[in-house]
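S.K.: My questions will all concern the structure given below.
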Amino acid sequence: MGLSQTQALLARLFTDATARRAFFANPEATAMGLGLDAAEARTLARLDRREVESFARSLLGKRALDARKATPLTARALGDAFDPLLFEAIEGAPAPDRHRADAAALAALLASRAGEPPWIGDLARYEMAFVAAARPGAVFLLRRFAWPVDDLSRKLMAGEPIGETAPRGRVGVWWRAPRGRLFWRLF
């Protein structure tokens, strides 16, 4: 096996918890099943599990930091629950354009389940609309929200308590001409 294949295998061990569990359950057999010869498999089997897990946690921490940058209001609203929910949403190796993909996976997870607070899925989708609209080129996005995401985001940015919030639908529009300025509006 060449250097690039060995690096790819190590990257998979560091980023994919399922592959890591399988590897440490039977290191040599798993390594050989992934294309290493017997000598390479024995060498890889000597990896220290604690060190691999520690490095994997540091990579997850970096991914969480990037996702927090993409969805700061969702992170603020979720508090300590942000990281565990993110890690649930991003099981497996990172996708291309990782920070956006990880934040989008969290937003999809939050939107797919009844959460606490009940508006958190809409808030995450609202922030992801800005992330999607930041792509280069022309943009036209239309999003529907069940909750008053504009009011929620204003309160979160100001550090005010959210309090009781009733569902009040909103429709958001984001648009930009090629190389133009981004405009957005909630109705």
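Letters A, B, ... go to the chains of the structure tokens in the order shown; residues in each chain start at 1; ligands are counted from 1 in the same order.
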I'd like the contact shell of A:Glu164 - 12 Å cut-off, only C-alpha atoms, skipping same-chain residues fewer than 4 positions apart - returned as a list in words.
M.R.: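 Neighbouring residues, sequence-local ones excluded: Pro117, Pro118, Trp119, Trp147, Pro148, Asp151 and Leu152 of chain A.
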S.K.: Contacts of A:Gln7 at 12 Å or less, counting only C-alpha atoms, minus same-chain residues fewer than 6 places along, as a list in words?
M.R.: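 Near neighbours after the sequence-gap exclusion: Met1, Leu13, Phe14, Leu36 and Leu44 of chain A.
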S.K.: Only N, CA and C atoms, please: the residues just picked out, written as a PDB file, in the first residue's frame.
M.R.:
ATOM      1  N   MET A   1       0.858  -1.174   0.000  1.00  0.00           N
ATOM      2  CA  MET A   1       0.000   0.000   0.000  1.00  0.00           C
ATOM      3  C   MET A   1       0.897   1.227   0.000  1.00  0.00           C
ATOM      4  N   LEU A  13      -9.633   6.632  10.187  1.00  0.00           N
ATOM      5  CA  LEU A  13      -9.638   6.248  11.605  1.00  0.00           C
ATOM      6  C   LEU A  13      -9.825   7.469  12.506  1.00  0.00           C
ATOM      7  N   PHE A  14      -9.228   8.590  12.124  1.00  0.00           N
ATOM      8  CA  PHE A  14      -9.322   9.782  12.961  1.00  0.00           C
ATOM      9  C   PHE A  14     -10.672  10.484  12.846  1.00  0.00           C
ATOM     10  N   LEU A  36      -4.308  -3.231   3.516  1.00  0.00           N
ATOM     11  CA  LEU A  36      -2.921  -3.285   3.958  1.00  0.00           C
ATOM     12  C   LEU A  36      -2.424  -4.728   3.892  1.00  0.00           C
ATOM     13  N   LEU A  44       0.213  -0.923  11.965  1.00  0.00           N
ATOM     14  CA  LEU A  44      -0.930  -0.068  12.285  1.00  0.00           C
ATOM     15  C   LEU A  44      -1.653  -0.548  13.540  1.00  0.00           C
TER      16      LEU A  44
END
S.K.: Got a sec: who's within 12 Å of A:Ala103, counting only C-alpha atoms, leaving out chain neighbours fewer than 2 positions off, as a PyMOL selection string?
M.R.: chain A and resi 63-75+82-83+85-90+94-95+97-101+105-110+121+124-132
S.K.: Once DSSP has gone over the backbone, tell me which residues of stretch 21-184 of chain A are in strand (DSSP E), as a list in words.
M.R.: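 Written out, the strand (DSSP E) residues of stretch 21-184 of chain A are Val139, Phe140, Leu141, Leu142, Arg143, Arg144, Phe145, Arg170, Val171, Gly172, Val173, Trp174, Trp175, Arg176, Phe183 and Trp184 of chain A.
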S.K.: Residues as selected, C-alpha atoms, written as a compact mmCIF listing (two decimals), in the first residue's frame, can you do that?
M.R.:
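File written: result_39.txt
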# COMPACT_ATOMS: atom_id res chain seq x y z
CA VAL A 139 -28.51 33.87 -5.34
CA PHE A 140 -32.23 33.57 -4.86
CA LEU A 141 -33.46 31.72 -1.80
CA LEU A 142 -36.93 31.44 -0.39
CA ARG A 143 -37.49 29.93 3.08
CA ARG A 144 -40.60 29.50 5.21
CA PHE A 145 -40.42 29.55 9.01
CA ARG A 170 -42.36 34.15 8.43
CA VAL A 171 -41.20 33.90 4.84
CA GLY A 172 -37.62 34.86 4.10
CA VAL A 173 -36.19 35.93 0.74
CA TRP A 174 -32.47 36.26 -0.02
CA TRP A 175 -31.29 37.57 -3.39
CA ARG A 176 -28.15 38.82 -5.06
CA PHE A 183 -30.32 41.59 0.11
CA TRP A 184 -32.71 39.75 2.39
S.K.: Quote the spacing between atom CA of A:Glu28 and atom CA of A:Ala45 in Å to one decimal place.
M.R.: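 Going from atom CA of A:Glu28 over to atom CA of A:Ala45 covers 5.6 Å.
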S.K.: Find the distance between atom CA of A:Leu60 and atom CA of A:Thr15 and write it in Å to one decimal.
M.R.: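 Straight-line distance from atom CA of A:Leu60 to atom CA of A:Thr15 works out to 7.9 Å.
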S.K.: Residues of stretch 25-94 of chain A in alpha helix (DSSP H) according to DSSP, as JSON, numbers by chain?
M.R.: {"A": [25, 27, 28, 29, 30, 31, 32, 33, 38, 39, 40, 41, 42, 43, 44, 45, 49, 50, 51, 52, 53, 54, 55, 56, 57, 58, 59, 60, 61, 62, 63, 64, 65, 66, 67, 68, 69, 70, 72, 73, 74, 75, 76, 77, 78, 82, 83, 84, 85, 86, 87, 88, 89]}
S.K.: With only C-alpha atoms as the basis for distance, which of A:Gly35, A:Gly61, A:Pro27, A:Pro161 is at the shortest distance from A:Asp48?
M.R.: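 Of A:Gly35, A:Gly61, A:Pro27, A:Pro161, the one nearest A:Asp48, counting only C-alpha atoms, is A:Pro27.
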S.K.: With distances taken over only C-alpha atoms, which residue among A:Leu182, A:Leu9, A:Ala29, A:Leu156 lies nearest A:Gly79?
M.R.: A:Leu156
S.K.: Figure out the distance between atom CA of A:Phe23 and atom CA of A:Arg46, please, to one decimal in Å.
M.R.: 11.3 Å
